[in-house]
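Just query-v2.cif here, mmCIF, C-alpha atoms:
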```cif
data_work
loop_
_atom_site.group_PDB
_atom_site.id
_atom_site.type_symbol
_atom_site.label_atom_id
_atom_site.label_comp_id
_atom_site.auth_asym_id
_atom_site.auth_seq_id
_atom_site.Cartn_x
_atom_site.Cartn_y
_atom_site.Cartn_z
ATOM 1 C CA MET A 1 -10.887 -3.566 2.205
ATOM 2 C CA GLY A 2 -11.318 -0.432 0.067
ATOM 3 C CA SER A 3 -12.343 -0.194 -3.581
ATOM 4 C CA LYS A 4 -8.721 0.023 -4.808
ATOM 5 C CA SER A 5 -7.848 -3.142 -2.887
ATOM 6 C CA TYR A 6 -10.672 -5.067 -4.560
ATOM 7 C CA ILE A 7 -9.605 -3.853 -7.998
ATOM 8 C CA SER A 8 -5.936 -4.750 -7.490
ATOM 9 C CA SER A 9 -6.482 -8.041 -5.615
ATOM 10 C CA GLY A 10 -7.516 -10.161 -8.628
ATOM 11 C CA ILE A 11 -10.821 -11.197 -7.054
ATOM 12 C CA ILE A 12 -12.776 -9.569 -9.918
ATOM 13 C CA GLU A 13 -10.932 -11.648 -12.522
ATOM 14 C CA ALA A 14 -11.444 -14.794 -10.447
ATOM 15 C CA TYR A 15 -15.168 -14.023 -10.162
ATOM 16 C CA VAL A 16 -15.613 -13.446 -13.912
ATOM 17 C CA SER A 17 -13.629 -16.585 -14.783
ATOM 18 C CA GLY A 18 -15.591 -18.744 -12.313
ATOM 19 C CA LEU A 19 -12.571 -19.477 -10.104
ATOM 20 C CA ALA A 20 -13.710 -17.489 -7.043
ATOM 21 C CA SER A 21 -14.851 -19.300 -3.898
ATOM 22 C CA SER A 22 -18.345 -18.804 -2.542
ATOM 23 C CA SER A 23 -17.106 -16.451 0.173
ATOM 24 C CA GLU A 24 -15.141 -14.414 -2.393
ATOM 25 C CA LYS A 25 -18.235 -14.205 -4.605
ATOM 26 C CA GLU A 26 -20.359 -12.898 -1.724
ATOM 27 C CA GLU A 27 -17.648 -10.416 -0.736
ATOM 28 C CA LEU A 28 -17.260 -9.086 -4.298
ATOM 29 C CA GLU A 29 -21.028 -8.794 -4.848
ATOM 30 C CA LEU A 30 -21.265 -6.654 -1.715
ATOM 31 C CA ALA A 31 -18.329 -4.551 -2.934
ATOM 32 C CA ILE A 32 -19.965 -4.111 -6.365
ATOM 33 C CA ALA A 33 -23.102 -2.831 -4.660
ATOM 34 C CA GLN A 34 -21.101 -0.557 -2.357
ATOM 35 C CA TYR A 35 -18.400 0.864 -4.638
ATOM 36 C CA PRO A 36 -19.274 2.256 -8.113
ATOM 37 C CA GLU A 37 -15.640 1.962 -9.198
ATOM 38 C CA VAL A 38 -15.624 -1.760 -8.335
ATOM 39 C CA ALA A 39 -18.847 -2.235 -10.296
ATOM 40 C CA ALA A 40 -17.304 -0.416 -13.273
ATOM 41 C CA GLU A 41 -14.162 -2.589 -13.103
ATOM 42 C CA TYR A 42 -16.337 -5.711 -12.964
ATOM 43 C CA GLN A 43 -18.275 -4.631 -16.060
ATOM 44 C CA SER A 44 -15.036 -3.807 -17.872
ATOM 45 C CA CYS A 45 -13.482 -7.178 -16.979
ATOM 46 C CA GLN A 46 -16.606 -9.022 -18.126
ATOM 47 C CA GLN A 47 -16.627 -7.122 -21.434
ATOM 48 C CA ASP A 48 -12.922 -7.835 -21.955
ATOM 49 C CA MET A 49 -13.563 -11.547 -21.427
ATOM 50 C CA GLU A 50 -16.444 -11.557 -23.898
ATOM 51 C CA GLN A 51 -14.405 -9.651 -26.480
ATOM 52 C CA TYR A 52 -11.521 -12.081 -26.072
ATOM 53 C CA ILE A 53 -13.758 -15.114 -26.632
ATOM 54 C CA ILE A 54 -15.357 -13.447 -29.666
ATOM 55 C CA TYR A 55 -11.911 -12.587 -31.030
ATOM 56 C CA GLN A 56 -10.702 -16.170 -30.636
ATOM 57 C CA SER A 57 -13.855 -17.739 -32.069
ATOM 58 C CA VAL A 58 -14.719 -18.278 -35.760
ATOM 59 C CA THR A 59 -18.256 -17.297 -36.731
ATOM 60 C CA PRO A 60 -19.836 -20.161 -38.750
ATOM 61 C CA PRO A 61 -22.122 -19.494 -41.728
ATOM 62 C CA ALA A 62 -25.691 -18.695 -40.741
ATOM 63 C CA ASN A 63 -27.069 -21.889 -42.318
ATOM 64 C CA LEU A 64 -24.291 -24.222 -41.142
ATOM 65 C CA LYS A 65 -26.344 -25.841 -38.378
ATOM 66 C CA GLU A 66 -29.267 -26.555 -40.737
ATOM 67 C CA ARG A 67 -26.938 -27.945 -43.407
ATOM 68 C CA LEU A 68 -25.169 -30.235 -40.922
ATOM 69 C CA PHE A 69 -28.378 -31.735 -39.549
ATOM 70 C CA THR A 70 -29.824 -32.144 -43.092
ATOM 71 C CA GLN A 71 -26.659 -33.910 -44.227
ATOM 72 C CA LEU A 72 -26.653 -36.175 -41.155
ATOM 73 C CA ASP A 73 -30.311 -37.095 -41.681
ATOM 74 C CA THR A 74 -29.643 -37.896 -45.361
ATOM 75 C CA GLU A 75 -26.712 -40.155 -44.507
ATOM 76 C CA GLU A 76 -28.607 -41.996 -41.760
ATOM 77 C CA THR A 77 -31.592 -42.574 -44.094
ATOM 78 C CA ALA A 78 -29.294 -43.865 -46.841
ATOM 79 C CA ARG A 79 -27.568 -46.234 -44.410
ATOM 80 C CA ALA A 80 -30.960 -47.548 -43.235
ATOM 81 C CA ASN A 81 -32.139 -48.146 -46.842
ATOM 82 C CA GLY A 82 -28.830 -49.672 -47.905
ATOM 83 C CA THR A 83 -28.370 -47.021 -50.554
ATOM 84 C CA TYR A 84 -25.464 -45.230 -48.880
ATOM 85 C CA VAL A 85 -22.527 -44.814 -51.281
ATOM 86 C CA ASP A 86 -19.002 -43.925 -50.212
ATOM 87 C CA GLU A 87 -18.114 -41.303 -52.766
ATOM 88 C CA ASP A 88 -14.384 -41.992 -52.320
ATOM 89 C CA ASN A 89 -14.873 -45.064 -54.577
ATOM 90 C CA ILE A 90 -16.575 -43.159 -57.414
ATOM 91 C CA SER A 91 -14.440 -42.383 -60.432
ATOM 92 C CA GLU A 92 -13.547 -38.849 -61.227
ATOM 93 C CA THR A 93 -16.491 -36.620 -61.933
ATOM 94 C CA PRO A 94 -16.670 -32.919 -62.792
ATOM 95 C CA VAL A 95 -17.526 -32.153 -59.195
ATOM 96 C CA ARG A 96 -16.126 -34.427 -56.504
ATOM 97 C CA ARG A 97 -17.689 -34.404 -53.019
ATOM 98 C CA ILE A 98 -16.134 -36.062 -49.974
ATOM 99 C CA LEU A 99 -18.542 -37.220 -47.284
ATOM 100 C CA VAL A 100 -17.065 -37.370 -43.813
ATOM 101 C CA SER A 101 -18.592 -39.775 -41.298
ATOM 102 C CA SER A 102 -20.750 -38.233 -38.563
ATOM 103 C CA ALA A 103 -18.368 -39.489 -35.869
ATOM 104 C CA TRP A 104 -15.457 -37.524 -37.288
ATOM 105 C CA ARG A 105 -17.639 -34.461 -37.634
ATOM 106 C CA TRP A 106 -18.486 -34.580 -33.937
ATOM 107 C CA VAL A 107 -14.776 -35.018 -33.129
ATOM 108 C CA ALA A 108 -13.955 -31.893 -35.158
ATOM 109 C CA ALA A 109 -16.673 -29.906 -33.412
ATOM 110 C CA ALA A 110 -15.417 -31.057 -30.022
ATOM 111 C CA SER A 111 -11.870 -30.036 -30.972
ATOM 112 C CA ILE A 112 -13.039 -26.527 -31.813
ATOM 113 C CA LEU A 113 -14.842 -26.272 -28.492
ATOM 114 C CA LEU A 114 -11.728 -27.488 -26.664
ATOM 115 C CA LEU A 115 -9.620 -24.892 -28.488
ATOM 116 C CA ILE A 116 -11.976 -22.094 -27.449
ATOM 117 C CA GLY A 117 -12.078 -23.442 -23.881
ATOM 118 C CA SER A 118 -8.296 -23.616 -23.768
ATOM 119 C CA ALA A 119 -8.005 -19.997 -24.893
ATOM 120 C CA PHE A 120 -10.574 -18.979 -22.279
ATOM 121 C CA LEU A 121 -8.719 -20.896 -19.551
ATOM 122 C CA ASN A 122 -5.383 -19.382 -20.565
ATOM 123 C CA TYR A 123 -6.902 -15.931 -20.318
ATOM 124 C CA ASN A 124 -8.279 -16.741 -16.877
ATOM 125 C CA GLN A 125 -4.929 -18.053 -15.693
ATOM 126 C CA TYR A 126 -3.171 -14.962 -17.027
ATOM 127 C CA THR A 127 -5.526 -12.532 -15.289
ATOM 128 C CA LEU A 128 -5.424 -14.612 -12.103
ATOM 129 C CA TYR A 129 -1.617 -14.518 -12.165
ATOM 130 C CA ASN A 130 -1.674 -10.750 -12.586
ATOM 131 C CA GLY A 131 -4.047 -10.446 -9.635
ATOM 132 C CA LEU A 132 -1.849 -12.633 -7.446
ATOM 133 C CA GLN A 133 1.219 -10.685 -8.526
ATOM 134 C CA GLN A 134 -0.452 -7.422 -7.524
ATOM 135 C CA ARG A 135 -1.462 -8.944 -4.179
ATOM 136 C CA TYR A 136 2.128 -10.038 -3.576
ATOM 137 C CA GLU A 137 3.509 -6.587 -4.435
ATOM 138 C CA ALA A 138 0.956 -4.929 -2.136
ATOM 139 C CA MET A 139 1.869 -7.295 0.712
ATOM 140 C CA ALA A 140 5.597 -6.703 0.132
ATOM 141 C CA ALA A 141 5.054 -2.929 0.262
ATOM 142 C CA ALA A 142 2.994 -3.296 3.442
ATOM 143 C CA ASN A 143 5.724 -5.418 5.047
ATOM 144 C CA THR A 144 8.325 -2.798 4.141
ATOM 145 C CA SER A 145 6.169 -0.089 5.702
ATOM 146 C CA VAL A 146 5.655 -2.137 8.872
ATOM 147 C CA ALA A 147 9.403 -2.787 9.120
ATOM 148 C CA ALA A 148 10.134 0.933 8.779
ATOM 149 C CA GLU A 149 7.584 1.800 11.472
ATOM 150 C CA THR A 150 9.016 -0.899 13.726
ATOM 151 C CA ASN A 151 12.481 0.633 13.392
ATOM 152 C CA VAL A 152 11.079 4.067 14.276
ATOM 153 C CA TYR A 153 9.372 2.702 17.397
ATOM 154 C CA ARG A 154 12.503 0.764 18.364
ATOM 155 C CA THR A 155 14.577 3.946 18.087
ATOM 156 C CA ARG A 156 12.051 5.866 20.182
ATOM 157 C CA LEU A 157 12.045 3.134 22.814
ATOM 158 C CA GLU A 158 15.834 3.148 23.034
ATOM 159 C CA GLN A 159 15.803 6.947 23.351
ATOM 160 C CA ALA A 160 13.157 6.773 26.082
ATOM 161 C CA GLU A 161 15.295 4.268 28.012
ATOM 162 C CA GLN A 162 18.278 6.623 27.752
ATOM 163 C CA ASP A 163 16.162 9.574 28.932
ATOM 164 C CA LEU A 164 14.879 7.535 31.875
ATOM 165 C CA HIS A 165 18.451 6.645 32.828
ATOM 166 C CA ILE A 166 19.360 10.353 32.785
ATOM 167 C CA VAL A 167 16.522 11.561 35.019
ATOM 168 C CA GLN A 168 16.972 8.660 37.472
ATOM 169 C CA ASP A 169 20.678 9.343 37.992
ATOM 170 C CA PRO A 170 21.199 10.193 41.715
ATOM 171 C CA SER A 171 23.680 12.918 40.737
ATOM 172 C CA MET A 172 21.049 14.705 38.636
ATOM 173 C CA LYS A 173 19.614 17.984 39.951
ATOM 174 C CA THR A 174 16.210 19.003 38.577
ATOM 175 C CA VAL A 175 15.486 22.678 37.914
ATOM 176 C CA LYS A 176 11.931 23.628 36.917
ATOM 177 C CA MET A 177 11.609 26.629 34.592
ATOM 178 C CA PRO A 178 8.029 27.981 34.631
ATOM 179 C CA GLY A 179 6.714 30.523 32.138
ATOM 180 C CA THR A 180 7.473 34.214 32.519
ATOM 181 C CA LYS A 181 4.805 36.898 32.869
ATOM 182 C CA SER A 182 4.633 37.325 29.085
ATOM 183 C CA PHE A 183 4.357 33.576 28.449
ATOM 184 C CA PRO A 184 2.613 32.102 31.532
ATOM 185 C CA THR A 185 1.775 28.695 29.998
ATOM 186 C CA ALA A 186 5.331 27.929 28.908
ATOM 187 C CA LEU A 187 7.304 25.302 30.831
ATOM 188 C CA ALA A 188 10.675 23.539 30.557
ATOM 189 C CA THR A 189 12.884 21.455 32.837
ATOM 190 C CA ILE A 190 16.655 21.359 33.354
ATOM 191 C CA TYR A 191 18.503 18.197 34.455
ATOM 192 C CA TRP A 192 21.960 19.173 35.744
ATOM 193 C CA ASN A 193 24.449 16.482 36.699
ATOM 194 C CA GLN A 194 26.334 17.733 39.771
ATOM 195 C CA THR A 195 29.179 15.261 39.166
ATOM 196 C CA SER A 196 29.819 15.427 35.421
ATOM 197 C CA LYS A 197 28.443 18.993 35.064
ATOM 198 C CA GLU A 198 26.373 17.863 32.049
ATOM 199 C CA VAL A 199 23.190 19.823 31.373
ATOM 200 C CA PHE A 200 20.047 18.475 29.698
ATOM 201 C CA VAL A 201 16.855 20.323 28.792
ATOM 202 C CA MET A 202 13.342 18.880 28.415
ATOM 203 C CA VAL A 203 10.624 20.899 26.699
ATOM 204 C CA ASN A 204 7.347 20.523 28.581
ATOM 205 C CA ASN A 205 5.404 23.251 26.817
ATOM 206 C CA LEU A 206 6.911 25.760 24.404
ATOM 207 C CA PRO A 207 5.181 27.143 21.297
ATOM 208 C CA GLN A 208 6.557 25.889 18.003
ATOM 209 C CA PRO A 209 8.677 28.756 16.588
ATOM 210 C CA SER A 210 8.836 29.828 12.951
ATOM 211 C CA SER A 211 11.522 28.405 10.680
ATOM 212 C CA GLU A 212 13.666 31.528 11.190
ATOM 213 C CA LYS A 213 13.638 31.265 14.993
ATOM 214 C CA GLN A 214 15.122 28.874 17.575
ATOM 215 C CA TYR A 215 15.061 28.542 21.362
ATOM 216 C CA GLN A 216 18.330 29.165 23.216
ATOM 217 C CA LEU A 217 19.256 28.108 26.747
ATOM 218 C CA TRP A 218 21.135 30.461 29.100
ATOM 219 C CA ALA A 219 22.828 29.904 32.452
ATOM 220 C CA ILE A 220 23.094 32.918 34.744
ATOM 221 C CA VAL A 221 26.551 32.913 36.356
ATOM 222 C CA ASP A 222 27.515 35.809 38.679
ATOM 223 C CA GLY A 223 24.581 37.764 37.273
ATOM 224 C CA LYS A 224 25.694 37.372 33.636
ATOM 225 C CA PRO A 225 24.095 35.170 30.919
ATOM 226 C CA VAL A 226 26.212 32.328 29.564
ATOM 227 C CA ASP A 227 25.253 30.690 26.276
ATOM 228 C CA MET A 228 24.304 27.006 26.741
ATOM 229 C CA GLY A 229 23.349 26.351 23.110
ATOM 230 C CA VAL A 230 20.173 26.142 21.008
ATOM 231 C CA PHE A 231 17.736 23.207 20.962
ATOM 232 C CA GLU A 232 14.955 21.836 18.797
ATOM 233 C CA THR A 233 11.212 21.554 19.403
ATOM 234 C CA GLY A 234 8.374 19.662 17.763
ATOM 235 C CA THR A 235 7.667 15.980 17.128
ATOM 236 C CA ALA A 236 11.056 15.362 15.476
ATOM 237 C CA ALA A 237 13.026 16.639 18.486
ATOM 238 C CA LYS A 238 14.340 14.404 21.243
ATOM 239 C CA ILE A 239 12.486 14.551 24.543
ATOM 240 C CA ILE A 240 15.650 15.320 26.503
ATOM 241 C CA GLN A 241 18.409 17.188 24.688
ATOM 242 C CA LYS A 242 21.981 17.575 25.854
ATOM 243 C CA MET A 243 23.271 21.147 26.123
ATOM 244 C CA LYS A 244 26.667 22.644 26.966
ATOM 245 C CA SER A 245 28.160 21.655 30.329
ATOM 246 C CA ILE A 246 28.663 24.146 33.158
ATOM 247 C CA GLY A 247 30.161 23.880 36.637
ATOM 248 C CA ASN A 248 28.293 26.669 38.394
ATOM 249 C CA ALA A 249 25.055 28.590 37.789
ATOM 250 C CA GLU A 250 22.530 30.619 39.734
ATOM 251 C CA MET A 251 19.574 30.061 37.388
ATOM 252 C CA PHE A 252 18.620 28.942 33.880
ATOM 253 C CA ALA A 253 16.427 30.678 31.274
ATOM 254 C CA VAL A 254 15.223 30.145 27.704
ATOM 255 C CA THR A 255 14.781 32.898 25.102
ATOM 256 C CA LEU A 256 13.588 32.821 21.500
ATOM 257 C CA GLU A 257 16.365 33.981 19.167
ATOM 258 C CA LYS A 258 17.199 33.954 15.489
ATOM 259 C CA LYS A 259 18.046 30.506 14.143
ATOM 260 C CA GLY A 260 21.503 29.440 15.258
ATOM 261 C CA GLY A 261 21.448 31.498 18.448
ATOM 262 C CA SER A 262 22.524 34.931 19.607
ATOM 263 C CA PRO A 263 25.546 36.173 21.617
ATOM 264 C CA GLU A 264 23.203 38.034 23.960
ATOM 265 C CA PRO A 265 19.712 37.055 25.152
ATOM 266 C CA THR A 266 16.645 38.947 23.916
ATOM 267 C CA LEU A 267 15.061 39.686 27.277
ATOM 268 C CA ASP A 268 11.580 40.515 26.002
ATOM 269 C CA GLN A 269 11.554 37.065 24.360
ATOM 270 C CA MET A 270 12.349 35.168 27.569
ATOM 271 C CA TYR A 271 9.808 32.337 27.765
ATOM 272 C CA VAL A 272 10.869 30.416 30.895
ATOM 273 C CA ALA A 273 13.292 30.908 33.805
ATOM 274 C CA GLY A 274 14.081 28.987 36.978
ATOM 275 C CA LYS A 275 16.323 29.587 39.957
ATOM 276 C CA ILE A 276 18.508 26.816 41.352
#
```

As structure tokens, how would this structure be written, given the file I've shared?
Amino acid sequence: MGSKSYISSGIIEAYVSGLASSSEKEELELAIAQYPEVAAEYQSCQQDMEQYIIYQSVTPPANLKERLFTQLDTEETARANGTYVDEDNISETPVRRILVSSAWRWVAAASILLLIGSAFLNYNQYTLYNGLQQRYEAMAAANTSVAAETNVYRTRLEQAEQDLHIVQDPSMKTVKMPGTKSFPTALATIYWNQTSKEVFVMVNNLPQPSSEKQYQLWAIVDGKPVDMGVFETGTAAKIIQKMKSIGNAEMFAVTLEKKGGSPEPTLDQMYVAGKI
């Protein structure tokens, strides 16, 4: 898994919120040590969590803790001495103070803690949901990519089966076209059906031409070249390509012409040729 996968998976949020499993914790700690960008994302997530908690919390007065414990001690001492007075029963005075029992004070404090915890949990659930959503979208994209690749391979397999059927046809005559003197490494093969007169060409080794050029097949009939059409090369081209049909020929040849073909072959650009 790469650094981007860790960042988008939601494992960082789960780690910061304490929801990650032990194996996920170990995996993320290794990733933090290995990838600086993962470490930076972890620090950012941790800071965001701290800022959120601070934002949701209410800062008490600096002396609140001391005042609470002093008040509790005073009330407990008064209760022990029997001098405790419920100030709710005192008649109106210029300044009226209401003393709340210690039990209710602890309930209020617990409620505040629960409120902060609830906000923290909601934040964790939200970030975890976002992480899971990103994981789902990544998996959906991967599945789409796999499906597209599967269709490509299925198409190639079907084409290969068709090509195999062509070359195995008993009526098919094979004509090898080796490279000419100018292009000794070039090679192509003609499959000529003696019954249907269909002609197919297979490129064994021809240099990839420029975008302005294209290979053209010729049949030599009674000493004259007959155009058999142009064909494609490269990874996008079919292995065996169907050309124009012909009933009689003495040999076949391939020349490099301008894109779309030429009415006459360019003899100094003849790459392969083969007699029948």

Phe252 of chain A environment, 12 Å, all atoms listed in the file, sequence neighbours closer than 5 positions dropped, as a short mmCIF file (atom, residue, chain, number, x, y, z; two decimals) with C-alpha atoms, keeping the file's coordinate frame:
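Okay, part_15.cif is ready:
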```
data_model
loop_
_atom_site.label_atom_id
_atom_site.label_comp_id
_atom_site.auth_asym_id
_atom_site.auth_seq_id
_atom_site.Cartn_x
_atom_site.Cartn_y
_atom_site.Cartn_z
CA THR A 174 16.21 19.00 38.58
CA VAL A 175 15.49 22.68 37.91
CA LYS A 176 11.93 23.63 36.92
CA MET A 177 11.61 26.63 34.59
CA PRO A 178 8.03 27.98 34.63
CA ALA A 188 10.68 23.54 30.56
CA THR A 189 12.88 21.46 32.84
CA ILE A 190 16.66 21.36 33.35
CA TYR A 191 18.50 18.20 34.46
CA TRP A 192 21.96 19.17 35.74
CA VAL A 199 23.19 19.82 31.37
CA PHE A 200 20.05 18.48 29.70
CA VAL A 201 16.86 20.32 28.79
CA GLN A 216 18.33 29.16 23.22
CA LEU A 217 19.26 28.11 26.75
CA TRP A 218 21.14 30.46 29.10
CA ALA A 219 22.83 29.90 32.45
CA ILE A 220 23.09 32.92 34.74
CA VAL A 221 26.55 32.91 36.36
CA GLY A 223 24.58 37.76 37.27
CA LYS A 224 25.69 37.37 33.64
CA PRO A 225 24.10 35.17 30.92
CA VAL A 226 26.21 32.33 29.56
CA ASP A 227 25.25 30.69 26.28
CA MET A 228 24.30 27.01 26.74
CA MET A 243 23.27 21.15 26.12
CA ILE A 246 28.66 24.15 33.16
CA PRO A 265 19.71 37.06 25.15
CA MET A 270 12.35 35.17 27.57
CA TYR A 271 9.81 32.34 27.76
CA VAL A 272 10.87 30.42 30.90
CA ALA A 273 13.29 30.91 33.80
CA GLY A 274 14.08 28.99 36.98
CA LYS A 275 16.32 29.59 39.96
CA ILE A 276 18.51 26.82 41.35
#
```

- Item | Residues returned when the PyMOL selection byres ((chain A and resi 23-37) around 12) runs on this file, as a VMD selection string | chain A and resid 1 to 22 38 to 44

- Message: Take the PyMOL selection byres ((chain A and resi 204) around 7), run it mentally on this structure, and tell me the resulting residues as number ranges by chain.
- Response: A: 187-188, 202-203, 205-206

Residues from the last selection, C-alpha atoms, saved as a PDB file, keeping the file's coordinate frame:
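Output saved as out01.pdb:
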```
ATOM      1  CA  LEU A 187       7.304  25.302  30.831  1.00  0.00           C
ATOM      2  CA  ALA A 188      10.675  23.539  30.557  1.00  0.00           C
ATOM      3  CA  MET A 202      13.342  18.880  28.415  1.00  0.00           C
ATOM      4  CA  VAL A 203      10.624  20.899  26.699  1.00  0.00           C
ATOM      5  CA  ASN A 205       5.404  23.251  26.817  1.00  0.00           C
ATOM      6  CA  LEU A 206       6.911  25.760  24.404  1.00  0.00           C
TER       7      LEU A 206
END
```

- Report the distance between atom CA of Gln269 of chain A and atom CA of Leu256 of chain A in Å, rounded to one decimal place. 5.5 Å

- Task: Name the residues that the PyMOL selection byres ((chain A and resi 207) around 9) pulls out of this structure, and write them as a VMD selection string.
- Result: chain A and resid 186 205 to 206 208 to 209 233 to 234

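Rounded to one decimal, atom CA of Gly179 of chain A and atom CA of Val254 of chain A lie 9.6 Å from each other.
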
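Note that atom CA of Ile239 of chain A and atom CA of Val146 of chain A are 23.9 Å apart.
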